[in-house]
Structure formats: structure tokens, C-alpha cells
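Student: Provided below: query_13.txt, containing compact mmCIF, C-alpha atoms.
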```txt
# COMPACT_ATOMS: atom_id res chain seq x y z
CA MET A 6 -93.57 -185.29 232.72
CA ARG A 7 -91.91 -182.13 234.09
CA GLY A 8 -92.67 -179.99 237.10
CA THR A 9 -96.14 -178.51 237.04
CA ASP A 10 -97.02 -180.56 233.97
CA THR A 11 -97.60 -183.55 236.21
CA VAL A 12 -101.21 -184.70 236.09
CA GLU A 13 -102.70 -186.74 238.94
CA ILE A 14 -105.46 -189.15 237.96
CA VAL A 15 -107.69 -190.33 240.81
CA LEU A 16 -109.98 -193.29 240.14
CA PRO A 17 -113.03 -194.10 242.28
CA VAL A 18 -112.64 -196.93 244.77
CA THR A 19 -116.30 -197.93 244.61
CA ARG A 20 -118.79 -197.85 241.76
CA PRO A 21 -122.28 -196.33 241.90
CA ASP A 22 -123.68 -199.13 239.72
CA LEU A 23 -122.61 -201.85 242.18
CA LEU A 24 -124.82 -202.93 245.07
CA TYR A 25 -122.42 -204.08 247.79
CA CYS A 26 -123.72 -206.80 250.11
CA GLN A 27 -122.01 -208.51 253.02
CA GLN A 28 -123.35 -211.40 255.12
CA ARG A 29 -121.87 -213.69 257.73
CA VAL A 30 -122.97 -217.31 257.28
CA ARG A 31 -122.69 -220.44 259.40
CA SER A 32 -121.37 -222.59 256.58
CA LEU A 33 -119.96 -222.20 253.09
CA THR A 34 -121.38 -225.55 252.00
CA PRO A 35 -123.02 -224.76 248.63
CA ALA A 36 -126.36 -226.40 249.41
CA THR A 37 -126.75 -224.13 252.49
CA LEU A 38 -126.15 -220.88 250.59
CA ARG A 39 -129.39 -219.49 249.27
CA CYS A 40 -127.77 -217.54 246.43
CA ILE A 41 -126.00 -220.66 245.14
CA VAL A 42 -129.16 -222.76 245.37
CA ASP A 43 -131.13 -220.11 243.50
CA LEU A 44 -128.43 -219.67 240.88
CA ARG A 45 -128.55 -223.38 240.13
CA GLY A 46 -132.32 -223.08 239.79
CA GLU A 47 -131.91 -220.14 237.44
CA LEU A 48 -129.54 -222.18 235.26
CA LEU A 49 -132.02 -225.05 235.13
CA ARG A 50 -134.84 -222.73 234.06
CA TYR A 51 -133.09 -220.32 231.76
CA GLY A 52 -129.83 -221.97 230.70
CA PRO A 53 -127.74 -219.54 228.63
CA ARG A 54 -130.18 -216.72 229.40
CA THR A 55 -128.94 -216.72 233.00
CA THR A 56 -127.13 -213.61 234.23
CA ARG A 57 -123.35 -214.06 234.01
CA THR A 58 -121.93 -214.60 237.49
CA LEU A 59 -118.45 -214.99 238.99
CA ILE A 60 -118.07 -217.05 242.15
CA PHE A 61 -114.74 -216.47 243.90
CA VAL A 62 -113.72 -219.16 246.39
CA GLN A 63 -110.95 -219.28 248.99
CA SER A 64 -109.48 -222.60 247.88
CA ILE A 65 -109.51 -225.18 245.11
CA GLN A 66 -111.25 -227.59 247.46
CA LEU A 67 -114.16 -225.22 248.05
CA GLY A 68 -114.29 -224.50 244.33
CA ALA A 69 -114.54 -228.23 243.69
CA GLU A 70 -117.47 -228.50 246.11
CA VAL A 71 -119.31 -225.59 244.47
CA TYR A 72 -118.69 -226.96 240.98
CA GLN A 73 -119.82 -230.42 242.03
CA TYR A 74 -123.06 -228.92 243.40
CA PHE A 75 -123.82 -227.40 239.99
CA TRP A 76 -122.62 -230.49 238.13
CA PHE A 77 -124.95 -232.89 239.99
CA GLY A 78 -127.87 -230.46 239.83
CA LEU A 79 -127.60 -229.61 236.15
CA GLY A 80 -126.60 -233.02 234.80
CA LYS A 81 -126.79 -233.06 231.01
CA GLN A 82 -128.06 -229.48 231.05
CA LEU A 83 -124.54 -228.42 231.99
CA LEU A 84 -123.65 -228.50 228.30
CA VAL A 85 -125.68 -226.48 225.81
CA ASP A 86 -124.31 -228.67 223.01
CA PRO A 87 -123.89 -232.28 224.25
CA GLY A 88 -120.32 -233.49 223.97
CA GLN A 89 -118.88 -229.99 223.48
CA ARG A 90 -116.98 -228.96 226.58
CA SER A 91 -116.71 -225.41 225.27
CA THR A 92 -120.52 -225.01 225.60
CA ALA A 93 -120.64 -225.63 229.37
CA LEU A 94 -122.78 -223.18 231.34
CA VAL A 95 -120.43 -223.53 234.33
CA GLN A 96 -116.64 -223.67 234.40
CA LEU A 97 -114.07 -224.12 237.18
CA TYR A 98 -110.84 -222.08 237.06
CA HIS A 99 -107.79 -222.28 239.36
CA LYS A 100 -104.01 -222.43 239.19
CA ASP A 101 -104.00 -226.18 238.49
CA SER A 102 -106.67 -226.11 235.79
CA GLU A 103 -105.66 -227.54 232.44
CA ASP A 104 -104.16 -224.92 230.12
CA GLU A 105 -106.93 -225.67 227.65
CA VAL A 106 -109.59 -224.86 230.25
CA LYS A 107 -107.84 -221.66 231.32
CA ALA A 108 -107.58 -220.45 227.74
CA LEU A 109 -111.23 -221.31 227.05
CA VAL A 110 -112.52 -219.48 230.13
CA ARG A 111 -110.43 -216.39 229.46
CA ASP A 112 -111.56 -216.34 225.83
CA LEU A 113 -115.26 -216.71 226.68
CA LEU A 114 -115.11 -214.07 229.42
CA ASP A 115 -113.58 -211.64 226.95
CA LYS A 116 -116.71 -211.97 224.80
CA ASP A 117 -120.20 -210.64 225.40
CA ALA A 118 -122.65 -212.91 227.22
CA ASP A 119 -124.89 -213.40 224.19
CA ASP A 120 -126.52 -216.39 222.48
CA SER A 121 -123.23 -217.44 220.88
CA ASN A 122 -121.44 -217.56 224.23
CA PRO A 123 -122.99 -220.02 226.71
CA LEU A 124 -120.66 -219.41 229.68
CA ARG A 125 -122.78 -218.10 232.55
CA VAL A 126 -121.04 -219.10 235.79
CA VAL A 127 -117.32 -219.21 236.52
CA ILE A 128 -116.13 -220.62 239.84
CA ALA A 129 -112.60 -219.40 240.45
CA THR A 130 -109.86 -218.87 242.98
CA SER A 131 -107.84 -215.66 243.04
CA ALA A 132 -106.02 -217.01 239.96
CA LEU A 133 -108.72 -215.30 237.88
CA ALA A 134 -108.77 -212.04 239.81
CA TYR A 135 -106.08 -210.21 237.86
CA GLY A 136 -105.00 -209.85 234.24
CA VAL A 137 -108.18 -211.16 232.60
CA ASN A 138 -110.60 -209.00 230.65
CA MET A 139 -114.24 -209.78 231.47
CA LYS A 140 -117.43 -208.67 229.77
CA GLY A 141 -121.05 -209.00 230.79
CA VAL A 142 -120.46 -209.93 234.45
CA SER A 143 -123.41 -208.69 236.50
CA ARG A 144 -122.88 -210.57 239.77
CA VAL A 145 -119.84 -211.42 241.85
CA ILE A 146 -120.25 -213.82 244.77
CA PHE A 147 -117.51 -214.40 247.33
CA CYS A 148 -117.74 -217.83 248.97
CA GLY A 149 -115.42 -216.87 251.77
CA SER A 150 -113.60 -213.61 252.19
CA PRO A 151 -110.68 -212.57 249.97
CA PHE A 152 -107.32 -212.35 251.76
CA THR A 153 -107.04 -208.55 251.57
CA ILE A 154 -109.31 -205.53 251.14
CA ALA A 155 -107.46 -204.76 247.91
CA ASP A 156 -108.40 -208.22 246.62
CA LEU A 157 -112.04 -207.56 247.56
CA ALA A 158 -112.14 -204.27 245.66
CA GLN A 159 -110.43 -205.79 242.61
CA MET A 160 -112.66 -208.87 242.46
CA ALA A 161 -115.90 -206.97 243.13
CA GLY A 162 -114.95 -204.57 240.33
CA ARG A 163 -115.21 -207.42 237.82
CA ALA A 164 -118.93 -206.67 237.84
CA GLY A 165 -120.33 -203.32 236.87
CA ARG A 166 -118.54 -202.90 233.53
CA ASN A 167 -121.88 -202.31 231.77
CA LEU A 168 -122.66 -198.66 232.42
CA SER A 169 -126.42 -199.10 231.96
CA THR A 170 -126.96 -202.02 234.35
CA VAL A 171 -126.97 -202.17 238.14
CA CYS A 172 -124.84 -205.08 239.30
CA MET A 173 -124.14 -206.85 242.59
CA ALA A 174 -121.15 -207.90 244.69
CA LEU A 175 -122.04 -210.29 247.52
CA LEU A 176 -119.50 -211.20 250.22
CA LEU A 177 -120.32 -214.35 252.22
CA TYR A 178 -117.95 -215.28 255.04
CA GLN A 179 -117.68 -217.31 258.21
CA GLY A 180 -116.73 -215.94 261.62
CA HIS A 181 -113.90 -213.43 261.30
CA GLY A 182 -112.58 -214.80 258.02
CA GLY A 183 -110.25 -217.38 259.59
CA ARG A 184 -106.71 -217.96 258.40
CA TYR A 185 -107.60 -216.91 254.87
CA VAL A 186 -107.63 -213.15 255.64
CA ASP A 187 -105.12 -210.57 256.87
CA GLU A 188 -105.68 -208.32 259.88
CA ALA A 189 -107.08 -205.41 257.87
CA MET A 190 -109.60 -207.68 256.16
CA ARG A 191 -110.59 -209.16 259.52
CA GLY A 192 -111.28 -205.66 260.81
CA PHE A 193 -113.29 -204.92 257.67
CA LEU A 194 -115.49 -207.96 258.28
CA ASP A 195 -116.03 -207.10 261.95
CA ASP A 196 -116.94 -203.47 261.24
CA PRO A 197 -120.73 -203.15 260.75
CA GLY A 198 -120.39 -199.79 258.99
CA CYS A 199 -121.08 -198.77 255.39
CA ILE A 200 -119.20 -201.02 252.96
CA ARG A 201 -118.44 -198.17 250.56
CA GLN A 202 -117.07 -195.98 253.34
CA LYS A 203 -114.90 -198.83 254.63
CA LEU A 204 -113.40 -199.35 251.17
CA ARG A 205 -112.76 -195.63 250.69
CA ALA A 206 -111.25 -195.31 254.16
CA TYR A 207 -108.82 -198.14 253.48
CA PHE A 208 -107.55 -196.79 250.17
CA ASP A 209 -107.63 -193.02 250.55
CA GLY A 210 -108.92 -192.09 253.96
CA GLY A 211 -112.43 -191.58 252.65
CA ASN A 212 -111.50 -188.99 250.03
CA SER A 213 -112.53 -191.03 246.98
CA VAL A 214 -113.90 -189.00 244.10
CA THR A 215 -117.07 -191.02 243.54
CA MET A 216 -119.54 -191.19 246.43
CA TYR A 217 -122.86 -192.97 246.52
CA GLY A 218 -125.56 -190.57 245.35
CA GLU A 219 -123.34 -188.75 242.86
CA THR A 220 -123.81 -189.13 239.11
CA THR A 221 -120.93 -190.47 237.03
CA SER A 222 -121.04 -189.97 233.26
CA GLY A 223 -124.21 -191.87 232.50
CA ARG A 224 -123.58 -194.82 234.79
CA ALA A 225 -126.56 -196.61 236.26
CA GLN A 226 -126.81 -196.31 240.04
CA ALA A 227 -127.85 -198.91 242.56
CA ALA A 228 -131.08 -198.03 244.35
CA GLU A 229 -129.39 -198.63 247.71
CA CYS A 230 -125.83 -197.99 248.90
CA CYS A 231 -125.08 -201.35 250.50
CA SER A 232 -126.48 -204.02 252.82
CA SER A 233 -124.97 -202.30 255.86
CA CYS A 234 -126.82 -199.05 255.18
CA THR A 235 -130.01 -200.87 254.13
CA PRO A 236 -130.07 -204.41 255.61
CA SER A 237 -133.39 -205.13 253.88
CA VAL A 238 -131.62 -205.42 250.50
CA LEU A 239 -130.49 -208.92 251.51
CA THR A 240 -134.13 -209.96 251.67
CA ASP A 241 -135.27 -207.77 248.79
CA GLN A 242 -132.65 -209.33 246.50
CA ASN A 243 -133.56 -212.85 247.72
CA ILE A 244 -130.04 -213.56 248.99
CA SER A 245 -130.51 -213.72 252.74
CA ASN A 246 -129.97 -217.11 254.36
CA ASP A 247 -132.41 -216.14 257.13
CA ASP A 248 -135.49 -216.73 254.95
CA ASP A 249 -136.42 -220.29 253.97
CA SER A 250 -138.22 -219.20 250.81
CA HIS A 251 -136.04 -219.31 247.72
CA GLY A 252 -136.14 -217.03 244.70
CA ASN A 253 -133.84 -216.05 241.88
CA PHE A 254 -131.57 -213.64 243.73
CA GLY A 255 -130.98 -210.27 242.14
CA SER A 256 -132.80 -211.48 239.06
CA SER A 257 -135.39 -209.99 236.75
CA PHE A 258 -136.94 -213.42 236.31
CA GLY A 259 -139.04 -213.23 239.47
CA SER A 260 -138.95 -215.20 242.70
CA ASP A 261 -140.60 -218.52 241.97
CA SER A 262 -139.81 -221.34 244.35
CA ASP A 263 -137.26 -223.84 243.07
CA ASP A 264 -138.49 -226.67 245.28
CA ASP A 265 -139.95 -228.37 242.18
CA LEU A 266 -136.82 -228.08 240.06
CA PRO A 267 -135.60 -231.39 238.68
CA VAL A 268 -132.30 -232.93 239.71
CA ASP A 269 -130.72 -235.06 237.01
CA ASP A 270 -130.35 -238.65 238.23
CA ASP A 271 -128.02 -239.40 235.32
CA PRO A 272 -125.40 -236.64 235.38
CA LEU A 273 -122.64 -236.26 232.86
CA PRO A 274 -119.88 -238.84 233.23
CA LEU A 275 -116.72 -237.49 234.81
CA THR A 276 -114.24 -237.60 231.96
CA SER A 277 -111.65 -235.24 230.59
CA GLU A 278 -114.15 -234.39 227.89
CA THR A 279 -116.60 -232.93 230.41
CA GLU A 280 -115.17 -231.63 233.68
CA SER A 281 -113.15 -233.81 236.04
CA GLU A 282 -110.73 -231.31 237.45
CA PHE A 283 -112.63 -230.86 240.70
CA ILE A 284 -111.14 -234.18 241.88
CA HIS A 285 -107.84 -233.24 243.52
CA GLU A 286 -105.82 -234.59 246.43
CA ASP A 287 -103.60 -231.54 246.78
CA PHE A 288 -105.65 -228.41 247.39
CA GLU A 289 -104.64 -224.79 247.29
CA ASP A 290 -104.60 -223.17 250.72
```
Could you write out this file's structure as C-alpha cells?

Tutor:
Amino acid sequence: MRGTDTVEIVLPVTRPDLLYCQQRVRSLTPATLRCIVDLRGELLRYGPRTTRTLIFVQSIQLGAEVYQYFWFGLGKQLLVDPGQRSTALVQLYHKDSEDEVKALVRDLLDKDADDSNPLRVVIATSALAYGVNMKGVSRVIFCGSPFTIADLAQMAGRAGRNLSTVCMALLLYQGHGGRYVDEAMRGFLDDPGCIRQKLRAYFDGGNSVTMYGETTSGRAQAAECCSSCTPSVLTDQNISNDDDSHGNFGSSFGSDSDDDLPVDDDPLPLTSETESEFIHEDFED
């Protein structure tokens, strides 16, 4: 490029089709997080018809706990085709995962979430945040805050690739983020202001091209800006931990209680043919 021929391309920091939600929680134990409980219930009811969801965790240990929660709850329903590991509804991905598992997850995420592709939930560390093409992801859940604001924007942006569907990014965190976040991210968590404005302010001083309320080439638009601007969306989407009633969060399947959902007393055996990688002694910090 020469002189005045230089062209500057400015991409939006936030997406109008993403509903941004942020909530401080007392614990990241899976059984205490309403959205995780409801997602397990959705998998039990609808199996491969469940909305594809990414769950980003701060460490391998936490990922193991989340995976184990799904594994014990789903039992034999974890696999659409018994004995075929590639048909698991839920997969765990981190830097120490077997190469075979990494390749499988990346391959399935690169394909549409249709009847031929059973993968519906991926639990992952930041190892999956970059360099992987993903299709059909409608929800991103953060079990613990990402280390930086840039990580948050990148990971949240894994949802919202379908221009006709409103998607969700939900950030759950404890306290001020602890040792897993940098100073800028800690300030982000402590600031009660608009999530979109905080993201824009960090990257470009608030001068991002796309603002909430503007149309963008046929993209769907979330009905609300974020949970900071409209706190009721946490309850409306059935993701608030303050309400004891459980529904299928952010789902079109309704809000039936999952108190009567079965728990498999004879879960899949932990072998290399199913999913044993959540047993680790050395965990990623």
C-alpha cells in the first residue's frame, strides 16, 4: 500500500446479536450454578437437539469438575451411539487432552450443529479460544473470568456467528476474579456499567463502529443490551442464581422444572474409550 491508498478497516468490538450477561457468584461448583444445572437438564431432555454451548473454565481442574457433573448426570445418555466416543454430547478440551480428542473436537466444531453432528457442549480452557473455527455456537458460558479483557471479547465472540439468531455470552465470576485475572480485567468486573461500553472503552476509547441499537447488514439484534443495562434479563433468561426455580436458560424449549429429571445410577465406565481425561494430578493454573 502507498500513501493515500492506505485503507483502514475498523471491526466492531461487540456484536448486536449477542446478549452480554455478567454475574458474580459465591461458588463456581457446577451443581450450584443454575445455568449448568439447567443445561444438563436440557441435554437429558433433548440430547442432540440441545443448543450448542461453549463453557470456558479457568483451569483444567475446574473443567474436570464441570465435565464430571455432566458425566454423572447423563450416564449412558452421554453417547448418542453407545461405544462411539465421537458421538458424545459433551467433550472436555485443554492443553493436556489427547491429540485424538483435540482433533475430534476441532473437527466437530467446524461442522454445523445438525443431526449428523452430536457435539452440543464443549468444556474448555483458553486452549480452545484461538485458532479454531466454530459453527453453530449460540451460548458461551464463562465459569470464572478470563485473564484479560481481550480474552473475554475473543471467547464471547465464538457465539453469534449465525447472523439470524440472537446468542448469549454469560460471565460468571467470584469476588474480584482472584489471581486468574489481570488488573484491567479486575477493574472490568468491579465496574457496574454497561458491558458493551466497557468493552468499547478498553479497545478504542468507546469509538467502536457498531453500537447497540444500530443495524448491521441483516444481523439479528438482542432485545436488550446487557445485564448491566437491564438486570432483569438474568431472570428472564433463567440464568440468575438468586431464584430457586430452574428452567432451560436462554432456551426456546420453555422453563419446565428439572427436579424430576433422572440421574443415571449406572454411568459410563471411565475408560479411554469414553472419557477419562478429567482425572489429573497436575492441573493447569

Student: Rounded to one decimal in Å, what is the spacing between CA of Phe77 in chain A and CA of Phe61 in chain A?

Tutor: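 So the two atoms, CA of Phe77 in chain A and CA of Phe61 in chain A, lie 19.7 Å apart.
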
Student: With a distance cut-off of 12 Å and all atoms listed in the file, select the neighbouring residues of Gly180 in chain A, excluding the residue or stretch itself and same-chain residues fewer than 6 positions from it, and output the selection as a list in words.

Tutor: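 So the residues in contact are Gln28, Arg29, Val30, Arg31, Ser32, Leu33, Gly149, Ser150, Val186, Arg191, Gly192, Leu194 and Asp195 of chain A.
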
Student: Would you mind reading off the distance between CA of Met160 in chain A and CA of Gly78 in chain A, one decimal, in Å?

Tutor: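 Interatomic distance here is 26.5 Å.
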
Student: Within 7 Å of Tyr98 in chain A, counting all atoms listed in the file, which residues qualify if same-chain residues fewer than 4 places away don't, as a list in words?

Tutor: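 Surrounding residues, per the criterion: Ser102, Lys107, Ile128, Ala129 and Thr130 of chain A.
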
Student: Suppose you want the space between CA of Val126 in chain A and CA of Cys172 in chain A; what is it in Å?

Tutor: 14.9 Å

Student: A:Ile60, A:Ala93, A:Leu204, A:Gln159: which is nearest Phe147 in chain A, counting only C-alpha atoms?

Tutor: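 Result for the nearest residue to Phe147 in chain A: A:Ile60.
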
Student: Using all atoms listed in the file, pick whichever of A:Pro53, A:Ala161, A:Leu239, A:Gln179 has the shortest atom-to-atom distance to Arg201 in chain A.

Tutor: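 Using all atoms listed in the file, the shortest distance to Arg201 in chain A belongs to A:Ala161.
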
Student: Which of these residues is nearest to Leu133 in chain A, using only C-alpha atoms: A:Arg39, A:His99, A:Arg163, A:Arg50?

Tutor: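 The closest residue to Leu133 in chain A is A:His99.
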
Student: When distances are computed from only C-alpha atoms, which of A:Ala118, A:Cys234, A:Val145, A:Ala189 shows the smallest separation from Leu176 in chain A?

Tutor: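 Closest to Leu176 in chain A, using only C-alpha atoms: A:Val145.
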
Student: Which residue, A:Leu113, A:Cys231, A:Leu24, A:Ala132, has the smallest gap to Gly165 in chain A when you use only C-alpha atoms?

Tutor: A:Leu24

Student: Please, which residues are within 7 Å of (-122.1, -200.4, 241.0) by the file's coordinates, counting only C-alpha atoms, and could they come as a PDB file with C-alpha atoms, in the frame of the given file?

Tutor:
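Writing the result to selection.pdb gives the following:
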```pdb
ATOM      1  CA  ARG A  20    -118.790-197.850 241.760  1.00  0.00           C
ATOM      2  CA  PRO A  21    -122.280-196.330 241.900  1.00  0.00           C
ATOM      3  CA  ASP A  22    -123.680-199.130 239.720  1.00  0.00           C
ATOM      4  CA  LEU A  23    -122.610-201.850 242.180  1.00  0.00           C
ATOM      5  CA  LEU A  24    -124.820-202.930 245.070  1.00  0.00           C
ATOM      6  CA  GLY A 165    -120.330-203.320 236.870  1.00  0.00           C
ATOM      7  CA  VAL A 171    -126.970-202.170 238.140  1.00  0.00           C
ATOM      8  CA  CYS A 172    -124.840-205.080 239.300  1.00  0.00           C
ATOM      9  CA  MET A 173    -124.140-206.850 242.590  1.00  0.00           C
ATOM     10  CA  GLN A 226    -126.810-196.310 240.040  1.00  0.00           C
ATOM     11  CA  ALA A 227    -127.850-198.910 242.560  1.00  0.00           C
TER      12      ALA A 227
END
```

Student: Counting all atoms listed in the file, which residues have an atom no more than 7 Å from (-109.4, -207.4, 252.5) in the file's coordinates? Please list them as a ChimeraX atom specification.

Tutor: /A:151-157,186-187,189-190,193

Student: Around all the atoms of range 194-211 of chain A listed in the file, draw an axis-aligned box and extend it by 8 Å on each of the six sides; I want its centre and edge lengths in Å to one decimal, as lines of an AutoDock Vina configuration file.

Tutor:
```
center_x = -114.3
center_y = -199.8
center_z = 256.1
size_x = 29.5
size_y = 32.4
size_z = 27.8
```

Student: Mind checking which residues fall within 7 Å of Leu114 in chain A, counting only C-alpha atoms, ignoring those fewer than 5 positions away in the same chain, and posting them as JSON, numbers by chain?

Tutor: {"A": [138, 139, 140]}

Student: For a quick check of understanding, using only C-alpha atoms, which of A:Val85, A:Val238, A:Thr19, A:Lys100 has the smallest distance to Asp209 in chain A?

Tutor: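 The closest residue to Asp209 in chain A is A:Thr19.
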
Student: Can you pull out every residue within 10 Å of Pro35 in chain A, counting only C-alpha atoms, but drop anything in the same chain fewer than 5 positions away, and send it as a PyMOL selection string?

Tutor: chain A and resi 40-42+67-68+70-75+148

Student: If you keep C-alpha atoms, can you produce a file of those selected residues as a tab-separated table (two decimals), keeping the file's coordinate frame?

Tutor:
```
chain	number	residue	atom	x	y	z
A	40	CYS	CA	-127.77	-217.54	246.43
A	41	ILE	CA	-126.00	-220.66	245.14
A	42	VAL	CA	-129.16	-222.76	245.37
A	67	LEU	CA	-114.16	-225.22	248.05
A	68	GLY	CA	-114.29	-224.50	244.33
A	70	GLU	CA	-117.47	-228.50	246.11
A	71	VAL	CA	-119.31	-225.59	244.47
A	72	TYR	CA	-118.69	-226.96	240.98
A	73	GLN	CA	-119.82	-230.42	242.03
A	74	TYR	CA	-123.06	-228.92	243.40
A	75	PHE	CA	-123.82	-227.40	239.99
A	148	CYS	CA	-117.74	-217.83	248.97
```

Student: Quick one: everything within 8 Å of Arg57 in chain A, counting only C-alpha atoms, minus sequence neighbours fewer than 3 positions away in the same chain. Send it as number ranges by chain.

Tutor: A: 118, 124-126, 141-144
